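Asker: Sharing input.cif here; it has mmCIF, C-alpha atoms and all ligand atoms.
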```cif
data_model
loop_
_atom_site.group_PDB
_atom_site.id
_atom_site.type_symbol
_atom_site.label_atom_id
_atom_site.label_comp_id
_atom_site.auth_asym_id
_atom_site.auth_seq_id
_atom_site.Cartn_x
_atom_site.Cartn_y
_atom_site.Cartn_z
ATOM 1 C CA MET T 1 -3.418 7.562 -22.194
ATOM 2 C CA THR T 2 -1.784 4.447 -20.817
ATOM 3 C CA THR T 3 0.675 2.543 -22.965
ATOM 4 C CA ILE T 4 1.946 -0.867 -21.975
ATOM 5 C CA LEU T 5 5.476 -1.403 -23.180
ATOM 6 C CA ASN T 6 6.028 -5.044 -24.023
ATOM 7 C CA ASP T 7 9.491 -4.654 -25.443
ATOM 8 C CA THR T 8 11.222 -2.875 -22.583
ATOM 9 C CA PRO T 9 13.611 -5.393 -21.170
ATOM 10 C CA TYR T 10 14.948 -4.134 -17.837
ATOM 11 C CA ALA T 11 12.920 -2.727 -14.937
ATOM 12 C CA ILE T 12 14.047 -0.639 -11.978
ATOM 13 C CA GLY T 13 11.702 -0.448 -8.990
ATOM 14 C CA ILE T 14 11.866 1.796 -5.930
ATOM 15 C CA ASP T 15 9.763 1.234 -2.829
ATOM 16 C CA LEU T 16 9.895 4.528 -0.942
ATOM 17 C CA GLY T 17 8.704 3.858 2.599
ATOM 18 C CA GLY T 18 8.526 5.923 5.734
ATOM 19 C CA THR T 19 11.559 4.260 7.313
ATOM 20 C CA LYS T 20 13.359 2.455 4.476
ATOM 21 C CA THR T 21 13.775 2.765 0.740
ATOM 22 C CA GLU T 22 14.381 -0.311 -1.368
ATOM 23 C CA SER T 23 15.541 -0.662 -4.964
ATOM 24 C CA LEU T 24 15.377 -3.538 -7.414
ATOM 25 C CA LEU T 25 16.746 -4.195 -10.894
ATOM 26 C CA LEU T 26 14.991 -6.910 -12.904
ATOM 27 C CA ALA T 27 16.358 -8.485 -16.086
ATOM 28 C CA PRO T 28 14.025 -9.193 -19.025
ATOM 29 C CA ASP T 29 13.535 -12.774 -17.808
ATOM 30 C CA GLY T 30 12.635 -11.568 -14.306
ATOM 31 C CA THR T 31 15.992 -12.365 -12.728
ATOM 32 C CA VAL T 32 16.883 -10.088 -9.824
ATOM 33 C CA LEU T 33 20.153 -8.402 -10.787
ATOM 34 C CA LEU T 34 20.402 -5.984 -7.874
ATOM 35 C CA ARG T 35 18.480 -5.304 -4.706
ATOM 36 C CA GLN T 36 19.471 -2.640 -2.196
ATOM 37 C CA ARG T 37 18.015 -1.070 0.904
ATOM 38 C CA ARG T 38 18.744 2.263 2.568
ATOM 39 C CA PRO T 39 17.120 4.153 5.435
ATOM 40 C CA THR T 40 14.755 6.862 4.234
ATOM 41 C CA PRO T 41 16.228 10.162 5.505
ATOM 42 C CA ARG T 42 14.342 11.532 8.504
ATOM 43 C CA ASP T 43 16.025 14.915 8.373
ATOM 44 C CA GLY T 44 16.580 17.030 5.328
ATOM 45 C CA GLY T 45 12.987 16.904 4.092
ATOM 46 C CA TYR T 46 11.986 16.372 0.499
ATOM 47 C CA ASP T 47 15.366 17.153 -1.062
ATOM 48 C CA ALA T 48 17.115 14.504 1.043
ATOM 49 C CA VAL T 49 14.520 11.874 0.115
ATOM 50 C CA LEU T 50 14.732 12.806 -3.550
ATOM 51 C CA THR T 51 18.526 12.524 -3.460
ATOM 52 C CA VAL T 52 18.390 8.996 -2.004
ATOM 53 C CA VAL T 53 15.881 7.849 -4.618
ATOM 54 C CA VAL T 54 17.938 9.289 -7.483
ATOM 55 C CA GLU T 55 21.125 7.731 -6.114
ATOM 56 C CA MET T 56 19.500 4.322 -5.785
ATOM 57 C CA ILE T 57 18.101 4.466 -9.314
ATOM 58 C CA GLY T 58 21.567 5.501 -10.516
ATOM 59 C CA ALA T 59 23.177 2.578 -8.684
ATOM 60 C CA ALA T 60 20.729 0.149 -10.298
ATOM 61 C CA ALA T 61 21.168 1.695 -13.747
ATOM 62 C CA ALA T 62 24.942 1.290 -13.388
ATOM 63 C CA HIS T 63 24.375 -2.491 -13.529
ATOM 64 C CA LEU T 64 22.610 -2.317 -16.908
ATOM 65 C CA PRO T 65 24.383 -3.554 -20.024
ATOM 66 C CA PRO T 66 25.521 -0.741 -22.336
ATOM 67 C CA ALA T 67 22.629 0.890 -24.253
ATOM 68 C CA ALA T 68 20.001 -1.267 -22.524
ATOM 69 C CA THR T 69 16.579 0.309 -22.298
ATOM 70 C CA TYR T 70 14.761 0.253 -18.976
ATOM 71 C CA THR T 71 11.741 1.509 -17.083
ATOM 72 C CA VAL T 72 11.580 3.147 -13.662
ATOM 73 C CA GLY T 73 8.692 2.743 -11.237
ATOM 74 C CA THR T 74 8.436 4.180 -7.736
ATOM 75 C CA GLY T 75 5.879 3.265 -5.088
ATOM 76 C CA ILE T 76 5.117 5.871 -2.417
ATOM 77 C CA PRO T 77 2.851 5.932 0.646
ATOM 78 C CA GLY T 78 0.520 8.454 -0.974
ATOM 79 C CA SER T 79 -1.100 9.173 -4.310
ATOM 80 C CA ILE T 80 -0.449 11.465 -7.244
ATOM 81 C CA ASP T 81 -3.164 13.978 -8.065
ATOM 82 C CA ALA T 82 -4.348 13.162 -11.574
ATOM 83 C CA VAL T 83 -4.884 16.879 -12.343
ATOM 84 C CA THR T 84 -1.904 18.630 -10.735
ATOM 85 C CA GLY T 85 0.636 15.795 -10.705
ATOM 86 C CA LEU T 86 1.423 16.647 -7.076
ATOM 87 C CA VAL T 87 1.666 14.119 -4.237
ATOM 88 C CA ARG T 88 -1.323 14.092 -1.902
ATOM 89 C CA ASN T 89 -2.298 12.287 1.300
ATOM 90 C CA ALA T 90 1.175 10.845 1.899
ATOM 91 C CA ASN T 91 2.121 9.343 5.252
ATOM 92 C CA SER T 92 5.603 10.699 4.521
ATOM 93 C CA THR T 93 4.410 14.270 4.801
ATOM 94 C CA CYS T 94 7.500 15.855 3.236
ATOM 95 C CA LEU T 95 6.245 14.485 -0.100
ATOM 96 C CA ILE T 96 2.863 16.225 0.077
ATOM 97 C CA GLY T 97 2.415 18.940 -2.538
ATOM 98 C CA ARG T 98 5.624 17.964 -4.333
ATOM 99 C CA SER T 99 5.935 17.162 -8.015
ATOM 100 C CA LEU T 100 7.892 13.980 -7.310
ATOM 101 C CA GLN T 101 7.421 12.386 -10.713
ATOM 102 C CA ALA T 102 8.431 15.516 -12.648
ATOM 103 C CA ASP T 103 11.390 16.131 -10.327
ATOM 104 C CA LEU T 104 12.598 12.540 -10.705
ATOM 105 C CA GLU T 105 12.259 12.676 -14.470
ATOM 106 C CA GLN T 106 14.180 15.936 -14.634
ATOM 107 C CA LEU T 107 17.018 14.657 -12.465
ATOM 108 C CA LEU T 108 17.188 11.280 -14.210
ATOM 109 C CA GLY T 109 16.568 12.478 -17.753
ATOM 110 C CA HIS T 110 14.324 9.419 -18.060
ATOM 111 C CA PRO T 111 10.598 8.665 -17.659
ATOM 112 C CA ALA T 112 9.703 7.565 -14.127
ATOM 113 C CA ALA T 113 6.267 6.377 -13.046
ATOM 114 C CA VAL T 114 5.228 7.179 -9.461
ATOM 115 C CA ARG T 115 2.293 5.315 -7.958
ATOM 116 C CA ASN T 116 0.606 4.521 -4.678
ATOM 117 C CA ASP T 117 2.325 1.718 -2.748
ATOM 118 C CA ALA T 118 -0.967 -0.128 -2.263
ATOM 119 C CA ASP T 119 -1.330 -0.308 -6.052
ATOM 120 C CA CYS T 120 2.209 -1.704 -6.276
ATOM 121 C CA PHE T 121 1.420 -4.256 -3.538
ATOM 122 C CA THR T 122 -1.771 -5.394 -5.254
ATOM 123 C CA LEU T 123 -0.126 -5.736 -8.666
ATOM 124 C CA ALA T 124 2.752 -7.754 -7.202
ATOM 125 C CA GLU T 125 0.458 -10.122 -5.301
ATOM 126 C CA CYS T 126 -1.635 -10.620 -8.462
ATOM 127 C CA ARG T 127 1.377 -11.410 -10.619
ATOM 128 C CA ALA T 128 3.416 -13.522 -8.245
ATOM 129 C CA GLY T 129 1.667 -13.892 -4.900
ATOM 130 C CA ALA T 130 -1.602 -14.801 -3.242
ATOM 131 C CA GLY T 131 -3.740 -13.019 -5.860
ATOM 132 C CA GLN T 132 -2.536 -15.154 -8.778
ATOM 133 C CA GLY T 133 -5.385 -16.671 -10.777
ATOM 134 C CA TYR T 134 -8.085 -14.300 -9.522
ATOM 135 C CA GLY T 135 -9.732 -11.776 -11.875
ATOM 136 C CA LEU T 136 -10.554 -8.833 -9.632
ATOM 137 C CA VAL T 137 -8.372 -8.522 -6.551
ATOM 138 C CA PHE T 138 -8.678 -5.974 -3.794
ATOM 139 C CA GLY T 139 -5.342 -5.513 -2.044
ATOM 140 C CA VAL T 140 -5.390 -4.161 1.491
ATOM 141 C CA ILE T 141 -2.442 -2.654 3.326
ATOM 142 C CA MET T 142 -2.982 -2.499 7.064
ATOM 143 C CA GLY T 143 0.058 -1.109 8.811
ATOM 144 C CA THR T 144 0.676 2.244 10.440
ATOM 145 C CA GLY T 145 -1.976 3.499 8.026
ATOM 146 C CA CYS T 146 -4.521 1.741 5.864
ATOM 147 C CA GLY T 147 -4.630 1.702 2.078
ATOM 148 C CA GLY T 148 -5.965 -0.356 -0.759
ATOM 149 C CA GLY T 149 -5.614 -1.093 -4.439
ATOM 150 C CA ILE T 150 -7.661 -2.738 -7.164
ATOM 151 C CA CYS T 151 -6.238 -4.992 -9.845
ATOM 152 C CA ILE T 152 -8.436 -6.312 -12.658
ATOM 153 C CA ASP T 153 -7.052 -9.148 -14.777
ATOM 154 C CA GLY T 154 -3.513 -8.131 -13.873
ATOM 155 C CA VAL T 155 -3.987 -4.406 -14.543
ATOM 156 C CA VAL T 156 -4.169 -1.773 -11.792
ATOM 157 C CA ARG T 157 -7.395 0.212 -11.836
ATOM 158 C CA GLU T 158 -6.490 3.832 -11.128
ATOM 159 C CA GLY T 159 -9.651 5.761 -11.987
ATOM 160 C CA PRO T 160 -10.060 9.344 -13.259
ATOM 161 C CA HIS T 161 -8.867 10.778 -9.917
ATOM 162 C CA ARG T 162 -6.345 7.997 -9.302
ATOM 163 C CA ILE T 163 -8.040 7.189 -6.013
ATOM 164 C CA ALA T 164 -9.473 3.766 -6.912
ATOM 165 C CA GLY T 165 -9.104 1.507 -3.883
ATOM 166 C CA GLU T 166 -8.450 4.322 -1.389
ATOM 167 C CA TRP T 167 -10.780 2.863 1.202
ATOM 168 C CA GLY T 168 -8.549 4.023 4.083
ATOM 169 C CA HIS T 169 -10.167 7.430 3.958
ATOM 170 C CA PHE T 170 -13.742 6.297 3.621
ATOM 171 C CA PRO T 171 -15.441 7.981 6.609
ATOM 172 C CA VAL T 172 -17.555 5.378 8.409
ATOM 173 C CA ASP T 173 -18.030 6.864 11.907
ATOM 174 C CA ARG T 174 -19.395 10.387 12.211
ATOM 175 C CA ASP T 175 -18.398 10.507 15.892
ATOM 176 C CA GLY T 176 -15.033 8.870 15.288
ATOM 177 C CA ALA T 177 -11.518 10.173 15.773
ATOM 178 C CA GLU T 178 -10.172 12.977 13.641
ATOM 179 C CA CYS T 179 -8.110 11.765 10.701
ATOM 180 C CA TYR T 180 -5.116 13.609 9.238
ATOM 181 C CA CYS T 181 -7.077 13.910 5.989
ATOM 182 C CA GLY T 182 -9.428 16.367 7.714
ATOM 183 C CA LYS T 183 -12.418 14.059 8.165
ATOM 184 C CA ARG T 184 -13.625 11.967 11.090
ATOM 185 C CA GLY T 185 -13.917 8.251 11.598
ATOM 186 C CA CYS T 186 -12.113 7.127 8.417
ATOM 187 C CA VAL T 187 -11.467 3.397 7.987
ATOM 188 C CA GLU T 188 -7.817 4.204 8.774
ATOM 189 C CA THR T 189 -8.753 5.537 12.223
ATOM 190 C CA LEU T 190 -10.415 2.189 13.026
ATOM 191 C CA ILE T 191 -8.273 -0.610 11.617
ATOM 192 C CA SER T 192 -4.707 0.709 11.260
ATOM 193 C CA GLY T 193 -1.993 0.367 13.870
ATOM 194 C CA SER T 194 -1.975 4.099 14.579
ATOM 195 C CA GLY T 195 -5.791 4.131 14.703
ATOM 196 C CA VAL T 196 -6.033 1.316 17.267
ATOM 197 C CA GLU T 197 -3.196 2.754 19.371
ATOM 198 C CA GLY T 198 -4.932 6.153 19.312
ATOM 199 C CA ALA T 199 -8.237 4.607 20.377
ATOM 200 C CA PHE T 200 -6.585 2.857 23.309
ATOM 201 C CA TYR T 201 -4.939 6.093 24.414
ATOM 202 C CA ARG T 202 -8.171 8.096 24.212
ATOM 203 C CA GLU T 203 -10.025 5.512 26.271
ATOM 204 C CA TYR T 204 -7.417 4.605 28.858
ATOM 205 C CA GLY T 205 -4.840 7.428 28.777
ATOM 206 C CA GLN T 206 -2.022 4.943 28.233
ATOM 207 C CA ARG T 207 0.215 4.557 25.219
ATOM 208 C CA LEU T 208 0.550 0.947 24.052
ATOM 209 C CA THR T 209 1.779 -0.223 20.668
ATOM 210 C CA MET T 210 -0.432 -2.360 18.446
ATOM 211 C CA ASP T 211 1.840 -5.341 19.164
ATOM 212 C CA GLN T 212 1.388 -4.816 22.905
ATOM 213 C CA ILE T 213 -2.374 -4.469 22.577
ATOM 214 C CA VAL T 214 -2.604 -7.714 20.584
ATOM 215 C CA ALA T 215 -0.279 -9.631 22.926
ATOM 216 C CA GLN T 216 -2.081 -8.463 26.061
ATOM 217 C CA ALA T 217 -5.491 -9.147 24.525
ATOM 218 C CA ARG T 218 -4.406 -12.739 23.871
ATOM 219 C CA ALA T 219 -3.239 -12.949 27.482
ATOM 220 C CA GLY T 220 -6.705 -11.900 28.634
ATOM 221 C CA GLU T 221 -6.083 -8.291 29.718
ATOM 222 C CA GLN T 222 -9.577 -6.823 29.766
ATOM 223 C CA ARG T 223 -8.969 -3.356 28.241
ATOM 224 C CA CYS T 224 -6.796 -4.736 25.440
ATOM 225 C CA ARG T 225 -9.334 -7.483 24.748
ATOM 226 C CA GLN T 226 -12.093 -4.940 24.375
ATOM 227 C CA VAL T 227 -10.083 -2.760 21.972
ATOM 228 C CA PHE T 228 -8.835 -5.788 20.021
ATOM 229 C CA GLU T 229 -12.319 -7.290 19.652
ATOM 230 C CA ARG T 230 -13.622 -3.959 18.430
ATOM 231 C CA PHE T 231 -10.727 -3.817 15.927
ATOM 232 C CA LEU T 232 -11.756 -7.235 14.546
ATOM 233 C CA ASP T 233 -15.393 -6.153 14.366
ATOM 234 C CA ASP T 234 -14.434 -2.895 12.606
ATOM 235 C CA PHE T 235 -12.304 -4.915 10.185
ATOM 236 C CA GLY T 236 -15.376 -7.000 9.378
ATOM 237 C CA ARG T 237 -17.625 -3.979 8.978
ATOM 238 C CA CYS T 238 -15.203 -2.036 6.774
ATOM 239 C CA LEU T 239 -14.185 -4.981 4.590
ATOM 240 C CA GLY T 240 -17.705 -6.438 4.494
ATOM 241 C CA GLY T 241 -19.045 -3.141 3.169
ATOM 242 C CA LEU T 242 -16.300 -2.943 0.607
ATOM 243 C CA ILE T 243 -16.971 -6.501 -0.594
ATOM 244 C CA SER T 244 -20.661 -5.620 -0.973
ATOM 245 C CA ILE T 245 -19.683 -2.765 -3.321
ATOM 246 C CA LEU T 246 -16.917 -4.422 -5.323
ATOM 247 C CA ASP T 247 -17.621 -8.170 -4.965
ATOM 248 C CA PRO T 248 -13.975 -9.005 -5.715
ATOM 249 C CA ASP T 249 -12.778 -12.507 -6.609
ATOM 250 C CA ALA T 250 -10.270 -12.306 -3.753
ATOM 251 C CA VAL T 251 -8.943 -9.966 -1.084
ATOM 252 C CA VAL T 252 -5.231 -10.029 -0.209
ATOM 253 C CA LEU T 253 -4.104 -8.559 3.096
ATOM 254 C CA GLY T 254 -0.700 -6.908 3.481
ATOM 255 C CA GLY T 255 1.131 -4.641 5.900
ATOM 256 C CA GLY T 256 2.273 -5.424 9.438
ATOM 257 C CA LEU T 257 -1.232 -6.060 10.778
ATOM 258 C CA SER T 258 -1.846 -8.767 8.143
ATOM 259 C CA ASN T 259 0.216 -11.078 10.376
ATOM 260 C CA ILE T 260 -2.500 -11.063 13.050
ATOM 261 C CA ASP T 261 -3.886 -14.621 12.947
ATOM 262 C CA GLU T 262 -7.292 -13.635 14.341
ATOM 263 C CA LEU T 263 -8.051 -11.648 11.152
ATOM 264 C CA TYR T 264 -8.341 -14.969 9.315
ATOM 265 C CA THR T 265 -10.677 -16.526 11.878
ATOM 266 C CA VAL T 266 -12.778 -14.081 13.895
ATOM 267 C CA GLY T 267 -12.084 -11.283 11.400
ATOM 268 C CA ILE T 268 -13.435 -13.284 8.454
ATOM 269 C CA GLU T 269 -16.501 -14.262 10.517
ATOM 270 C CA ARG T 270 -17.162 -10.563 11.101
ATOM 271 C CA VAL T 271 -16.701 -9.819 7.374
ATOM 272 C CA ARG T 272 -19.305 -12.502 6.607
ATOM 273 C CA HIS T 273 -21.630 -10.958 9.172
ATOM 274 C CA TYR T 274 -21.475 -7.491 7.621
ATOM 275 C CA ALA T 275 -21.295 -8.296 3.884
ATOM 276 C CA PHE T 276 -24.579 -8.293 1.993
ATOM 277 C CA HIS T 277 -24.675 -12.024 1.374
ATOM 278 C CA ASP T 278 -25.323 -14.710 3.952
ATOM 279 C CA ARG T 279 -23.036 -17.293 2.342
ATOM 280 C CA LEU T 280 -20.064 -15.114 1.486
ATOM 281 C CA ARG T 281 -17.248 -17.099 -0.128
ATOM 282 C CA THR T 282 -14.756 -14.351 -1.005
ATOM 283 C CA PRO T 283 -11.242 -15.664 -0.229
ATOM 284 C CA ILE T 284 -9.519 -13.323 2.246
ATOM 285 C CA LEU T 285 -5.872 -14.244 1.926
ATOM 286 C CA GLN T 286 -2.623 -13.399 3.616
ATOM 287 C CA ASN T 287 -0.037 -12.000 1.210
ATOM 288 C CA ARG T 288 2.717 -14.324 -0.008
ATOM 289 C CA LEU T 289 5.429 -11.864 -0.985
ATOM 290 C CA GLY T 290 5.792 -10.130 2.374
ATOM 291 C CA ASP T 291 8.020 -7.064 2.301
ATOM 292 C CA SER T 292 9.045 -7.819 -1.284
ATOM 293 C CA ALA T 293 5.658 -6.969 -2.810
ATOM 294 C CA GLY T 294 6.271 -3.213 -2.720
ATOM 295 C CA VAL T 295 9.508 -3.132 -4.677
ATOM 296 C CA PHE T 296 8.520 -5.816 -7.219
ATOM 297 C CA GLY T 297 5.195 -4.060 -7.754
ATOM 298 C CA ALA T 298 7.015 -0.759 -8.263
ATOM 299 C CA ALA T 299 9.281 -2.322 -10.891
ATOM 300 C CA TRP T 300 6.316 -3.865 -12.707
ATOM 301 C CA ILE T 301 4.150 -0.771 -12.456
ATOM 302 C CA GLY T 302 6.999 1.193 -14.053
ATOM 303 C CA GLN T 303 6.434 -0.872 -17.192
ATOM 304 C CA VAL T 304 3.139 0.941 -17.589
ATOM 305 C CA VAL T 305 4.061 4.387 -18.802
ATOM 306 C CA VAL T 306 1.447 7.103 -18.590
ATOM 307 C CA SER T 307 1.631 9.957 -21.036
ATOM 308 C CA SER T 308 -0.813 12.782 -21.445
HETATM 309 ZN ZN ZN T 401 -8.962 10.084 6.606
#
```
Could you rewrite the structure in this file as structure tokens?
Answerer:
Amino acid sequence: MTTILNDTPYAIGIDLGGTKTESLLLAPDGTVLLRQRRPTPRDGGYDAVLTVVVEMIGAAAAHLPPAATYTVGTGIPGSIDAVTGLVRNANSTCLIGRSLQADLEQLLGHPAAVRNDADCFTLAECRAGAGQGYGLVFGVIMGTGCGGGICIDGVVREGPHRIAGEWGHFPVDRDGAECYCGKRGCVETLISGSGVEGAFYREYGQRLTMDQIVAQARAGEQRCRQVFERFLDDFGRCLGGLISILDPDAVVLGGGLSNIDELYTVGIERVRHYAFHDRLRTPILQNRLGDSAGVFGAAWIGQVVVSS
């Protein structure tokens, strides 16, 4: 059962990323009282990550007025299994199979919601960013990996398996590259940074970063142009298919790849080509909150407490 707490004044948010972890303390009126950033430990595994998160929540809580009540929300690059409560499909692999929410709650002695970072991103963009004013918003994160979230009238849709919006692991190419999830040709293998870099390496035996591929494609380098044009076409095919299923009021793009200008020109043309409507009008928008969406979304998602 999901209970929305309207009378909880302060909110602590944690955005646990692969390279950095960010914390935020919001006052009842939305004022930012504290915002901190620390590197996510690379060594030390799960325990080291857990320690950093607990310390950052403690540092934020130390700024609360005496006896103030507060919520805690944490966004992670993975999802929580609705049945077992364990983390699954996380880019930060040390989290996989761990009971992060239960461990946090035990160490903090306080309820702590843990949710997918794409859900946090989508909620934040709906409340304060590019998704404001739209009913059903599909939020896309295209970075190293590819994720998504669905927000309906300002509420995150999780679904009975808590996988709503997980289009990154929708297998679209039976002959495609192997994905870490165990399947082939997932959306993530086609339109994420790691997916495009992997495709370039398989075809040309050379390791280029996504930034290099984009820059060289713009400069006219033939191999990069071919891979980049296919990326834009795959973006259109994947997102066009998704729009045909969900018909959202808007799509908001986030993650490092959302800064690629061509997504909003050629990319949108390809979406229109593949979607099942010949006059598609769905706004496909660049995010407005940038890096801040994750930690604000985590703080706001913590205000929704799930109890079973
Ligand atoms: Zn996959």
Asker: Around all the atoms of region 45-53 of chain T listed in the file, draw an axis-aligned box and extend it by 3 Å on each of the six sides; I want its centre and edge lengths in Å to one decimal, as AutoDock Vina command-line options.
Answerer:
```
--center_x 15.3 --center_y 12.5 --center_z -0.3 --size_x 12.5 --size_y 15.3 --size_z 14.7
```
Asker: Run the PyMOL selection byres (((chain T and resi 274) around 9) and not hetatm) mentally over the shown coordinates, then write out the matched residues as a ChimeraX atom specification, using the chain letters and numbers from the document.
Answerer: /T:236-241,244,269-273,275-278
Asker: Find, counting all atoms listed in the file, the residue in T:Gly198, T:Gly176, T:Gly165, T:Pro77 that gets nearest to Pro248 (chain T).
Answerer: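 The shortest atom-to-atom distance to Pro248 (chain T) comes from T:Gly165.
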Asker: Using only C-alpha atoms, which residues sit within 12 Å of Ala61 (chain T) once same-chain residues fewer than 5 positions away are excluded, as a tab-separated table (two decimals) with C-alpha atoms, in the frame of the given file?
Answerer:
```
chain	number	residue	atom	x	y	z
T	10	TYR	CA	14.95	-4.13	-17.84
T	11	ALA	CA	12.92	-2.73	-14.94
T	12	ILE	CA	14.05	-0.64	-11.98
T	13	GLY	CA	11.70	-0.45	-8.99
T	23	SER	CA	15.54	-0.66	-4.96
T	24	LEU	CA	15.38	-3.54	-7.41
T	25	LEU	CA	16.75	-4.20	-10.89
T	26	LEU	CA	14.99	-6.91	-12.90
T	27	ALA	CA	16.36	-8.48	-16.09
T	33	LEU	CA	20.15	-8.40	-10.79
T	34	LEU	CA	20.40	-5.98	-7.87
T	35	ARG	CA	18.48	-5.30	-4.71
T	54	VAL	CA	17.94	9.29	-7.48
T	55	GLU	CA	21.12	7.73	-6.11
T	56	MET	CA	19.50	4.32	-5.78
T	66	PRO	CA	25.52	-0.74	-22.34
T	67	ALA	CA	22.63	0.89	-24.25
T	68	ALA	CA	20.00	-1.27	-22.52
T	69	THR	CA	16.58	0.31	-22.30
T	70	TYR	CA	14.76	0.25	-18.98
T	71	THR	CA	11.74	1.51	-17.08
T	72	VAL	CA	11.58	3.15	-13.66
T	108	LEU	CA	17.19	11.28	-14.21
T	110	HIS	CA	14.32	9.42	-18.06
```
Asker: Counting all atoms listed in the file, which residues in chain T sit no more than 12 Å from ligand ZN 401 (chain T)? For each one, give the nearest pair of atoms and the distance in Å, sorted by chain then residue number, as a Markdown table.
Answerer:
```
| residue | atom | partner | partner_atom | distance |
| --- | --- | --- | --- | --- |
| T:Asn89 | CA | T:ZN401 | ZN | 8.8 |
| T:Ala90 | CA | T:ZN401 | ZN | 11.2 |
| T:Asn91 | CA | T:ZN401 | ZN | 11.2 |
| T:Gly145 | CA | T:ZN401 | ZN | 9.7 |
| T:Cys146 | CA | T:ZN401 | ZN | 9.5 |
| T:Gly147 | CA | T:ZN401 | ZN | 10.5 |
| T:Glu166 | CA | T:ZN401 | ZN | 9.9 |
| T:Trp167 | CA | T:ZN401 | ZN | 9.2 |
| T:Gly168 | CA | T:ZN401 | ZN | 6.6 |
| T:His169 | CA | T:ZN401 | ZN | 3.9 |
| T:Phe170 | CA | T:ZN401 | ZN | 6.8 |
| T:Pro171 | CA | T:ZN401 | ZN | 6.8 |
| T:Val172 | CA | T:ZN401 | ZN | 10.0 |
| T:Asp173 | CA | T:ZN401 | ZN | 11.0 |
| T:Arg174 | CA | T:ZN401 | ZN | 11.8 |
| T:Gly176 | CA | T:ZN401 | ZN | 10.7 |
| T:Ala177 | CA | T:ZN401 | ZN | 9.5 |
| T:Glu178 | CA | T:ZN401 | ZN | 7.7 |
| T:Cys179 | CA | T:ZN401 | ZN | 4.5 |
| T:Tyr180 | CA | T:ZN401 | ZN | 5.8 |
| T:Cys181 | CA | T:ZN401 | ZN | 4.3 |
| T:Gly182 | CA | T:ZN401 | ZN | 6.4 |
| T:Lys183 | CA | T:ZN401 | ZN | 5.5 |
| T:Arg184 | CA | T:ZN401 | ZN | 6.7 |
| T:Gly185 | CA | T:ZN401 | ZN | 7.3 |
| T:Cys186 | CA | T:ZN401 | ZN | 4.7 |
| T:Val187 | CA | T:ZN401 | ZN | 7.3 |
| T:Glu188 | CA | T:ZN401 | ZN | 6.4 |
| T:Thr189 | CA | T:ZN401 | ZN | 7.2 |
| T:Leu190 | CA | T:ZN401 | ZN | 10.3 |
| T:Ile191 | CA | T:ZN401 | ZN | 11.8 |
| T:Ser192 | CA | T:ZN401 | ZN | 11.3 |
| T:Gly195 | CA | T:ZN401 | ZN | 10.5 |
```
Asker: Taking the file as shown, what set of residues would the PyMOL selection byres (((chain T and resi 289) around 10) and not hetatm) give back, as a short mmCIF file (atom, residue, chain, number, x, y, z; two decimals) with C-alpha atoms, in the frame of the given file?
Answerer:
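File written: expr-v9.cif
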```cif
data_model
loop_
_atom_site.label_atom_id
_atom_site.label_comp_id
_atom_site.auth_asym_id
_atom_site.auth_seq_id
_atom_site.Cartn_x
_atom_site.Cartn_y
_atom_site.Cartn_z
CA PHE T 121 1.42 -4.26 -3.54
CA ALA T 124 2.75 -7.75 -7.20
CA GLU T 125 0.46 -10.12 -5.30
CA ALA T 128 3.42 -13.52 -8.24
CA GLY T 129 1.67 -13.89 -4.90
CA ALA T 130 -1.60 -14.80 -3.24
CA GLY T 254 -0.70 -6.91 3.48
CA GLN T 286 -2.62 -13.40 3.62
CA ASN T 287 -0.04 -12.00 1.21
CA ARG T 288 2.72 -14.32 -0.01
CA GLY T 290 5.79 -10.13 2.37
CA ASP T 291 8.02 -7.06 2.30
CA SER T 292 9.04 -7.82 -1.28
CA ALA T 293 5.66 -6.97 -2.81
CA GLY T 294 6.27 -3.21 -2.72
CA PHE T 296 8.52 -5.82 -7.22
#
```
Asker: Report, in Å to a single decimal, how far apart CA of Tyr264 (chain T) and CA of Gly149 (chain T) are.
Answerer: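 Spanning CA of Gly149 (chain T) to CA of Tyr264 (chain T) is a straight-line distance of 19.7 Å.
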Asker: Taking only C-alpha atoms into account, which of T:Leu123, T:Ile76, T:Val114, T:Leu232 comes nearest Thr93 (chain T)?
Answerer: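 Among the listed residues, T:Ile76 lies closest to Thr93 (chain T).
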Asker: So, counting all atoms listed in the file, which residue among T:Val295, T:Ile150, T:Val196, T:Leu95 is closest to Thr74 (chain T)?
Answerer: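 Smallest distance to Thr74 (chain T) is found for T:Val295.
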Asker: Record the distance separating CA of Val251 (chain T) and CA of Gly133 (chain T), expressed in Å with one decimal.
Answerer: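 These atoms are spaced 12.3 Å apart.
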Asker: With distances taken over only C-alpha atoms, which residue among T:Gly30, T:Thr265, T:Ile14, T:Phe200 lies nearest Ala113 (chain T)?
Answerer: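 Among T:Gly30, T:Thr265, T:Ile14, T:Phe200, it is T:Ile14 that comes nearest to Ala113 (chain T).
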Asker: Given the choices T:Gly75, T:Gln206, T:Gly44, T:Glu262, which gets closest to Ala112 (chain T) if the distance is worked out from all atoms listed in the file?
Answerer: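 When distances to Ala112 (chain T) are compared using all atoms listed in the file, the smallest one comes from T:Gly75.
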Asker: My list of candidates is T:Pro65, T:Gly97, T:Gly139, T:Gly297. Which is closest to Ile284 (chain T) when distances are computed with all atoms listed in the file?
Answerer: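 With all atoms listed in the file as the atom set, the closest residue is T:Gly139.
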